[in-house]
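As stored in input.txt (compact mmCIF, C-alpha atoms):
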# COMPACT_ATOMS: atom_id res chain seq x y z
CA MET A 1 113.62 151.08 327.76
CA LEU A 2 111.90 154.43 327.99
CA GLU A 3 108.27 154.15 329.05
CA GLY A 4 106.97 157.58 328.02
CA LYS A 5 104.50 158.32 325.27
CA ALA A 6 105.86 159.42 321.89
CA VAL A 7 105.10 163.07 321.22
CA VAL A 8 105.32 164.34 317.65
CA ARG A 9 106.96 167.75 317.44
CA GLU A 10 106.75 168.16 313.66
CA THR A 11 105.83 165.96 310.70
CA ASP A 12 104.53 165.86 307.16
CA MET A 13 104.31 162.05 307.01
CA PRO A 14 101.06 160.18 306.39
CA THR A 15 99.45 159.02 309.64
CA LEU A 16 100.15 155.31 309.13
CA MET A 17 103.81 155.99 308.42
CA GLN A 18 104.02 158.15 311.57
CA SER A 19 102.62 155.25 313.60
CA HIS A 20 105.12 152.88 312.02
CA ALA A 21 108.00 155.23 312.90
CA MET A 22 106.94 155.40 316.54
CA GLU A 23 106.38 151.63 316.76
CA LEU A 24 109.89 151.07 315.41
CA ALA A 25 111.31 153.54 317.92
CA TYR A 26 109.75 151.61 320.80
CA LYS A 27 110.97 148.30 319.37
CA ALA A 28 114.50 149.70 318.92
CA LEU A 29 114.47 150.95 322.52
CA ASP A 30 113.50 147.43 323.63
CA LEU A 31 116.28 145.82 321.59
CA HIS A 32 119.13 148.23 322.41
CA GLU A 33 120.48 150.13 325.38
CA VAL A 34 119.04 153.64 325.59
CA SER A 35 122.60 154.99 325.48
CA ASP A 36 123.31 153.19 322.15
CA CYS A 37 121.81 155.86 319.88
CA ARG A 38 123.71 154.64 316.84
CA SER A 39 122.23 151.12 317.02
CA ILE A 40 118.75 152.51 317.66
CA ALA A 41 119.03 154.81 314.61
CA HIS A 42 120.47 152.02 312.45
CA TYR A 43 117.59 149.68 313.35
CA ILE A 44 114.94 152.28 312.46
CA LYS A 45 116.70 153.30 309.23
CA GLN A 46 117.05 149.67 308.14
CA LYS A 47 113.35 148.95 308.80
CA PHE A 48 112.26 152.09 306.93
CA ASP A 49 114.50 151.19 303.96
CA GLU A 50 112.91 147.71 303.90
CA ALA A 51 109.36 149.04 304.14
CA TYR A 52 109.53 152.15 301.94
CA GLY A 53 112.63 151.83 299.76
CA PRO A 54 116.16 153.20 300.23
CA ALA A 55 117.53 156.62 301.13
CA TRP A 56 115.98 157.00 304.61
CA HIS A 57 117.94 158.71 307.36
CA CYS A 58 117.50 158.50 311.10
CA VAL A 59 119.06 160.57 313.86
CA VAL A 60 118.54 159.63 317.51
CA GLY A 61 119.78 161.40 320.60
CA LYS A 62 119.13 163.72 323.50
CA ASP A 63 120.65 166.90 322.12
CA PHE A 64 121.37 167.54 318.45
CA GLY A 65 120.81 170.16 315.82
CA SER A 66 119.87 169.55 312.22
CA CYS A 67 119.43 171.28 308.91
CA ILE A 68 118.09 168.90 306.28
CA THR A 69 116.44 168.68 302.90
CA HIS A 70 113.78 166.00 302.78
CA LEU A 71 111.26 164.64 300.34
CA CYS A 72 107.80 166.07 300.95
CA GLY A 73 105.73 163.62 303.01
CA SER A 74 108.73 161.84 304.50
CA PHE A 75 109.66 163.81 307.63
CA ILE A 76 108.96 163.20 311.31
CA PHE A 77 110.54 164.61 314.45
CA PHE A 78 109.30 163.21 317.75
CA HIS A 79 110.48 162.38 321.22
CA VAL A 80 109.97 159.67 323.82
CA GLU A 81 110.77 161.19 327.18
CA MET A 82 114.17 162.87 326.64
CA MET A 83 115.17 160.82 323.55
CA GLU A 84 114.53 162.55 320.22
CA PHE A 85 114.02 160.89 316.84
CA LEU A 86 114.42 162.51 313.43
CA ILE A 87 113.47 160.34 310.44
CA PHE A 88 113.38 161.57 306.85
CA LYS A 89 113.93 160.50 303.29
CA ASP A 90 116.57 162.21 301.18
CA GLY A 91 115.04 164.80 298.90
CA THR A 92 117.58 164.59 296.08
CA ASP A 93 115.84 161.96 293.90
CA SER A 94 113.64 164.18 291.73
CA CYS A 95 113.11 161.51 289.02
CA LYS A 96 110.38 159.74 290.99
CA SER A 97 106.98 160.94 291.99
CA ARG A 98 106.46 161.69 295.68
CA GLU A 99 104.41 158.48 296.09
CA GLU A 100 107.04 156.28 294.42
CA ALA A 101 109.87 157.88 296.37
CA ILE A 102 108.31 157.42 299.82
CA GLY A 103 106.96 153.99 298.98
CA VAL A 104 103.24 154.62 299.41
CA LEU A 105 102.41 152.67 296.28
CA GLN A 106 103.66 149.46 297.89
CA ASN A 107 100.62 147.46 299.02
CA GLY A 108 98.20 150.37 298.67
CA SER A 109 98.18 153.94 299.81
CA LEU A 110 99.28 155.08 303.25
CA SER A 111 97.82 158.56 302.92
CA ASP A 112 96.00 160.28 305.78
Whole structure, structure tokens version:
Amino acid sequence: MLEGKAVVRETDMPTLMQSHAMELAYKALDLHEVSDCRSIAHYIKQKFDEAYGPAWHCVVGKDFGSCITHLCGSFIFFHVEMMEFLIFKDGTDSCKSREEAIGVLQNGSLSD
């Protein structure tokens, strides 16, 4: 497990959702080998799908590039020591409101 503090590099997520993302990252690092980025990403994606509805994506690693389209309010990029985490919800479902799509209407609002 990595012991460092999570440092957010960029986000537009509500604060509670950011905290949840970082908690899941620490839990995934406890459950899986640090070198098993795929299992770490799968764990976080699965937990976000359960909590906020489907279509979440998670990328974990030490060196990667990205170019994504995401739903407003559903993006976070942070690191724990040298491990980076990119979590976002697909921005292609334009039929739902932002709140419905990111799941903030489940059990109350998660806004800042």
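Distance-wise, atom CA of A:Gly91 and atom CA of A:Cys37 end up 23.8 Å apart.
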I'd like the contact shell of A:Arg9 - 12 Å cut-off, all atoms listed in the file, skipping same-chain residues fewer than 5 positions apart - returned as a short mmCIF file (atom, residue, chain, number, x, y, z; two decimals) with C-alpha atoms, keeping the file's coordinate frame.
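The resulting file, out_31.cif, is shown below:
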data_model
loop_
_atom_site.label_atom_id
_atom_site.label_comp_id
_atom_site.auth_asym_id
_atom_site.auth_seq_id
_atom_site.Cartn_x
_atom_site.Cartn_y
_atom_site.Cartn_z
CA GLN A 18 104.02 158.15 311.57
CA PHE A 75 109.66 163.81 307.63
CA ILE A 76 108.96 163.20 311.31
CA PHE A 77 110.54 164.61 314.45
CA PHE A 78 109.30 163.21 317.75
CA HIS A 79 110.48 162.38 321.22
CA VAL A 80 109.97 159.67 323.82
CA GLU A 84 114.53 162.55 320.22
CA PHE A 85 114.02 160.89 316.84
CA LEU A 86 114.42 162.51 313.43
#
Smallest atom-to-atom distance to A:Arg38: which of A:Leu16, A:Gly4, A:Ser74, A:Val60, using only C-alpha atoms?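 Closest to A:Arg38, using only C-alpha atoms: A:Val60.
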So how many Å separate atom CA of A:Ala41 and atom CA of A:Trp56, to one decimal? 10.7 Å
In Å, with one decimal, what is the gap from atom CA of A:Leu71 to atom CA of A:Phe48?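 These atoms are spaced 14.2 Å apart.
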At a cut-off of 12 Å, using only C-alpha atoms, what residues contact A:His42? Leave out same-chain residues fewer than 5 positions from it and give the result as a PyMOL selection string. chain A and resi 24-25+28-29+31-32+36-37+47-49+56-60+85+87
So which residues are close to (111.5, 167.0, 300.6), meaning at most 9 Å away in the file's coordinates with all atoms listed in the file counted, and can you show them as a list in words? Ile68, Thr69, His70, Leu71, Cys72, Gly73, Ser74, Phe75, Phe88, Lys89, Asp90, Gly91, Thr92 and Arg98 of chain A
The centre and edge lengths of an axis-aligned box containing all atoms of stretch 4-10 of chain A present in the file, extended by 4 Å on each side, are to be given in Å to one decimal, as JSON.
{"center_x": 105.7, "center_y": 162.9, "center_z": 320.8, "size_x": 10.5, "size_y": 18.6, "size_z": 22.4}
